[in-house]
Amino acid sequence: MSHDDGEIPAPRSGALTYAMVMAEARRQAALPRPTARSRREADVRKVRWWRVGTLRSISGLSTLITALVFTCLLLALCLLSGPWILPDAWAPLLVSVGLALYGAYRLRGVPGETARTLASAACAPGPAPKRYAVVYDPPWGGVALLVLFPAAGGDDVQPDGVLELMPFPQPWLRFVGAGKLPADLPVEPAGNLELRGPADGLPMGVPWIDGHAYWPKRSYGPDDLMGQEGRALMARLLADATAEADAIDS
């Protein structure tokens, strides 16, 4: 039995199912949220990873480049203006050098390795087809989650993975409090995707939807969902879905 009309099915066994999450995703998609900017990132399959804006930001390379440019501008200003400007330039110069060192530290450390791992996973061969639903935890002002389901199966199939996605930038604030809300993802609330990977340290890989990569901040695989934190996450999602179902029934 399908529930494509948006009706929320009543839970039968206390387990989260595809039909329940899909209906909750469509309900949450109607909530007012800031609109995300159109995705214009380079395709990581065609360019080096550092040309992809999100990966560049994750790695610390964006911070390093910005700080170096600012440092060079300050030094040029000091040379052109003469020694009288040096007392006023020391503080911003130290800040820019500190940011450059911080960016370099991130680039050579875990953040840089994470960006390279994500790029490797996104380019991996043999994509696995999945169904997905986009929900937020909590529904109002929470993080964006891709709840993954097997491509084959009915409405009663249970999740086999969850990806917490990197937040998307907001072009402007449309109403009071909008800055505390996650921007809408430029995808349908439910549909199909290709999961590429996995790679070392990234057990669930990188999802591709309509030719765009969506970068995970955290992955919950099947084993993770059986752990304490994974069970707590599933319980919160189940509570959100069943609360809406109870509201409709009443």
# chains A, B, ... in the order shown; residues from 1 in each chain; ligands from 1
$ select_by_dssp --residues "region 91-247 of chain A" --states "strand (DSSP E or B)" --output "PyMOL selection string"
chain A and resi 128-137+143-150+161-165+190-196+199+202+206-209+212-213+216-220
$ residues_around --residues "region 186-190 of chain A" --least-positions-apart "3" --cutoff "6 Å" --atoms "only C-alpha atoms" --output "list in words"
Met22, Ala25, Arg26, Tyr132, Ala133 and Val134 of chain A
$ select_by_dssp --residues "region 9-233 of chain A" --states "alpha helix (DSSP H)" --output "ChimeraX atom specification"
/A:18-29,53-59,61-81,86-108,110-122,222-226,228-233
$ closest_residue --among "A:Pro222, A:Gly211, A:Gly227, A:Pro87" --to "Glu41 (chain A)" --atoms "only C-alpha atoms"
A:Gly211
$ atom_distance --atom1 "CA of Gln158 (chain A)" --atom2 "CA of Thr117 (chain A)"
28.1 Å
$ residues_around --residues "region 68-70 of chain A" --least-positions-apart "5" --cutoff "9 Å" --atoms "only C-alpha atoms" --output "compact mmCIF listing (two decimals) with N, CA and C atoms, in the first residue's frame"
# COMPACT_ATOMS: atom_id res chain seq x y z
N THR A 63 39.56 29.66 4.69
CA THR A 63 40.08 30.54 5.74
C THR A 63 41.52 30.93 5.45
N LEU A 75 50.00 44.45 4.19
CA LEU A 75 51.42 44.73 3.97
C LEU A 75 51.60 45.74 2.84
N LEU A 93 46.99 42.91 11.43
CA LEU A 93 47.99 42.04 10.81
C LEU A 93 48.18 40.76 11.62
N SER A 96 45.12 38.50 11.05
CA SER A 96 45.13 37.84 9.75
C SER A 96 46.17 36.72 9.69
N VAL A 97 47.33 36.96 10.28
CA VAL A 97 48.35 35.90 10.33
C VAL A 97 47.87 34.73 11.17
N LEU A 99 44.75 33.81 11.63
CA LEU A 99 43.74 33.08 10.85
C LEU A 99 44.39 32.23 9.77
N ALA A 100 45.45 32.75 9.17
CA ALA A 100 46.15 31.96 8.16
C ALA A 100 46.76 30.70 8.77
$ closest_residue --among "A:Gly60, A:Pro111, A:Gly197, A:Pro129" --to "Pro150 (chain A)" --atoms "only C-alpha atoms"
A:Pro129
$ closest_residue --among "A:Pro159, A:Gly53, A:Asp223, A:Gly230" --to "Ala15 (chain A)" --atoms "only C-alpha atoms"
A:Pro159
$ closest_residue --among "A:Pro32, A:Gly191, A:Gly98, A:Gly161" --to "Arg131 (chain A)" --atoms "only C-alpha atoms"
A:Gly191
$ atom_distance --atom1 "CA of Met234 (chain A)" --atom2 "CA of Ala19 (chain A)"
14.5 Å
$ closest_residue --among "A:Leu238, A:Ala122, A:Leu61, A:Val21" --to "Trp215 (chain A)" --atoms "only C-alpha atoms"
A:Ala122
